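Accompanying notes for the structure given below.
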Amino acid sequence: MITIAAAKGYLLKETIKLLEKEGYEFDEDLTKTRKLFTTDLSGKLRVLLVRPTDVPVYVEQGAADLGVAGKDILLEHKPTILTLLDLKFGYCKLVIAGPKKINVSELTHNLTIASKFIGSAKAYFKQKGLKANFIKLYGAIELAPITGLSDLICDLTATGATLKENKLHVIDTVFESTAHLIANPVSFRVHDTTIRDLVSKLSKHIS
Amino acid sequence: MTTSPKYGTLTGIMSENLTPEGIQDLNIDETEAHQQSVKKIMKAFDTLGYSKIKTPTIENYESLAKGLGPLKDKAVKFLDPSGNILILRPDHTAPIARLISTRLKDETFPLNLSYADPVFRQSASHYEGGLEQFQAGVEIIGDDSAEADAAVLNACIQALSNISNLDFGIDIGHISFTEGLDETKRQALLNGDYLTFGEIPKRGDKTLVKDNTRLTKVAALLDGSPADITFNLGLVKDIDYYTGIIFEAYDKKTKRIIASGGRYDNLLEKFGVPNPAVGFAIHVNRLQGQVS
C-alpha cells in the first residue's frame with residue numbers, strides 16, 4: 001500500500017476525481033467527511049487529508065509516500081522531495097499588490113510587505129535589488145494595506161476578485177502555480193514500479 | 001508581553017536542566033544500543049583492514065572552510081581568546097584531509113582510514129538528526145581505481161549487514177549523469193525536479209550503466225553481493241564536491257537515508273596534498289532502535 005497526502009479542499013476534490021478516473025474507488029465522499037484518512041476499496045492506496053502547507057512535511061519525512069501540493073507551497077518551503085508531475089489543476093498566482101495602481105519600476109526601498117509567503121516575497125524583493133520589510137500573516141492579507149499595517153501585500157490570487165473587492169491592484173506576478181505530484185525520495189525507490197505506473201496512468205488524464 | 005502559562009512539572013525535573021534544542025543525551029539502555037551499533041560497524045571496518053583515526057572536535061575555521069562547501073554556513077562557530085574563529089567539526093572528510101596534509105603526509109598511500117565520531121550542524125532539523133549527529137565511516141586516500149570504489153561500497157554493505165533487523169537498499173549514481181545537460185536541466189536533476197528535467201530518471205541493474213565503463217567495472221566487482229543494489233540515473237548531488245561515483249543506502253522501513261558517500265578527487269588538493277579519495281559515512285543516529 002502507498003500513502004498519498006492531499007490538501008483538504010479544492011485540490012483534494014480534483015485529486016479524488018483523477019484517482020477515480022484511474023479506477024480507484026472510495027466508499028465515502030472525502031470532501032465532506034471529518035475523517036482525516038481513508039483507504040480505497042482495493043486497499044492499495046491510503047489518502048491523508050492534511051493542510052496544504054503540511055503536505056510537503058508529510059512527504060519529506062516519509063509519513064506519506066506521495067503528495068499533491070501546490071507549486072506555491074513547494075517554492076515557499078523548498079522541501080527535499082521529488083517532483084513527478086504537473087497535475088494542471090488548482091491554478092493560482094502569487095502577486096505583489098497594493099492600493100495604488102503603479103508599475104514595478106515605481107517600487108522603492110523600505111516598503112513593508114504583508115504575506116503568508118514570506119520566503120517567496122523576500123526572494124522577489126532581493127532579486128529586484130530592493131530593501132524591504134516583511135510581516136508574516138496567516139490570512140485576510142488584503143486587510144494589511146487597508147489598515148496601514150503594510151504598504152503592499154504578496155498574496156495568492158486565482159481570479160483577482162478578492163483583490164478587486166478590497167481595492168487592491170496587481171503590481172507584478174511573482175510566480176504561477178498549479179498542483180504537483182511529489183514523492184519522498186526513498187519511497188520512490190522502495191515503491192519504484194508502483195509509483196512510475198501511477199504517474200504514467202495519471203498523466204494520461206491531464207490535458 | 002503575555003505571560004506564559006504555568007503547566008506544573010510532570011517529571012520533577014527543573015526545566016533548565018533539559019538539553020539544548022537539537023541535542024540529546026542517551027540513558028543507560030540507549031548508550032548500550034548506540035555502542036552496540038558502533039561496535040558492529042567498526043568491527044566490519046576493522047575486518048576489512050581500515051585503520052582508526054580520531055580528529056579533534058574543535059578545529060580552526062580557516063583551515064577547514066576551504067573543504068566544507070555549503071556546510072561552512074552550518075558549522076557551529078565561536079571565538080578563542082585571541083579572536084580566531086573556531087568551529088565544531090561539521091563533517092569528517094575535511095578534518096581528515098587536514099590530518100593527511102599534516103601528520104599523515106609521510107604515510108604510505110593508499111591509506112585506508114575509518115572513524116566514528118559526532119559531527120555538529122546548526123539548523124539541522126530533528127528529522128535530519130539535530131545539531132549533534134554521530135557518523136561512522138571510511139575513506140580510501142590515494143587510490144583512484146574502480147576497485148577502491150567497490151571496496152568502499154563493500155565496507156558500507158558489510159557494516160550495515162551487521163546491524164540486526166535492518167532492511168536496506170543501495171542506490172548508485174555518478175557525477176557524469178549531469179554531463180551534456182543544459183543549466184536548467186542540470187539544476188532540475190540536482191533538485192529532484194523530474195518535471196522540469198523532462199523525464200523520471202531510470203533505475204535498474206548494471207545494464208542501465210553499460211555505457212559507463214567505470215560503473216560497469218564497479219558493478220562487476222560487486223557481482224554476487226547479497227545487497228539490494230540499484231543503479232539510479234537520477235542520483236547526482238553536491239556537484240562541487242563529488243567527482244565520480246555517488247551512492248546512498250536507505251532503510252526500506254523508516255524511509256531514511258542511513259549512509260551516503262562517493263568519490264571526491266579534488267578535495268585533498270585544496271589542503272595542498274593532491275590525492276584521489278573515496279569514502280562514505282553511516283548516520284548512526286538514524287539506525288537507533290534497529291539493534292536487537
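The way I read the labels, and the way they are meant: chains A, B, ... in the order of the C-alpha cells, residue 1 as the first residue of every chain, and ligand 1 as the first ligand shown, with later ones counted on from there.
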Contact residues (chain B, partner chain A, 7 Å, only C-alpha atoms) as a count of residues only: 9
May I have the residues within 6 Å of stretch 233-244 of chain B as a list in words, using only C-alpha atoms and disregarding those fewer than 3 positions away in the same chain? Gly173, His174, Ile175, Leu190, Pro201, Lys202, Arg263 and Tyr264 of chain B
Distance query A:Ala121 at most 12 Å, only C-alpha atoms, self and fewer than 3 positions along chain excluded, as a PyMOL selection string: chain A and resi 72+75-76+94-97+111-118+124-128+130-136+152-156+172-175
Name the residues in contact with stretch 102-113 of chain B at a cut-off of 7 Å, using only C-alpha atoms, excluding same-chain residues fewer than 3 positions from it; report them as an MDAnalysis selection string. chainID B and resid 50:53 98:99 138:143
Write to file, as a compact mmCIF listing (two decimals), in the first residue's frame, the residues of the selection just made, with C-alpha atoms.
```txt
# COMPACT_ATOMS: atom_id res chain seq x y z
CA TYR B 50 40.78 0.11 7.82
CA SER B 51 42.89 1.93 10.43
CA LYS B 52 41.01 4.01 13.01
CA ILE B 53 41.79 7.71 13.39
CA ARG B 98 43.66 18.37 7.06
CA LEU B 99 45.15 15.48 9.07
CA VAL B 138 35.73 5.01 5.97
CA GLU B 139 37.93 6.77 3.43
CA ILE B 140 40.43 5.37 0.95
CA ILE B 141 43.02 8.05 0.18
CA GLY B 142 45.38 7.82 -2.78
CA ASP B 143 43.62 5.21 -4.89
```
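The environment of stretch 19-21 of chain A within 10 Å, counting only C-alpha atoms and disregarding residues fewer than 3 places along the same chain, consists of A:Glu14, A:Thr15, A:Ile16, A:Tyr24, A:Glu25, A:Phe26, A:Asp40, A:Leu45, A:Leu198, A:Lys201, A:Leu202, A:His205.
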Please give the complete set of residues from chain A that DSSP, run on the backbone, assigns to strand (DSSP E), formatted as a VMD selection string. chain A and resid 2 to 7 37 to 39 45 to 50 66 to 70 82 to 86 92 to 98 111 to 115 132 to 136 152 to 157 169 to 177 179 to 183
Interatomic distance between atom CA of B:Lys74 and atom CA of B:Ala124? 8.1 Å
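Near stretch 59-63 of chain B, within a cut-off of 9 Å and counting only C-alpha atoms, sit the residues Thr55, Pro56, Thr57, Ala65, Lys66, Gly67, Lys72, Ala75, Lys77, Asn84, Ile85, Leu86, Ile87, Leu88, Arg89, Ala94, Pro95, Arg98 and Phe271 of chain B, with same-chain residues fewer than 2 positions away left out.
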Can you tell me, as a ChimeraX atom specification, which residues in stretch 3-146 of chain A count as helix (DSSP H, G or I) by DSSP? /A:10-21,52-60,71-77,104-106,118-127,143-146
Interatomic distance between atom CA of A:Leu137 and atom CA of A:Gly9? 20.7 Å
Neighbour list for stretch 160-169 of chain A as a ChimeraX atom specification, cut-off 6 Å, only C-alpha atoms, skip fewer than 6 positions in-chain: /A:97-99,101
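Between atom CA of B:Asn266 and atom CA of B:Asn232 the separation is 23.5 Å.
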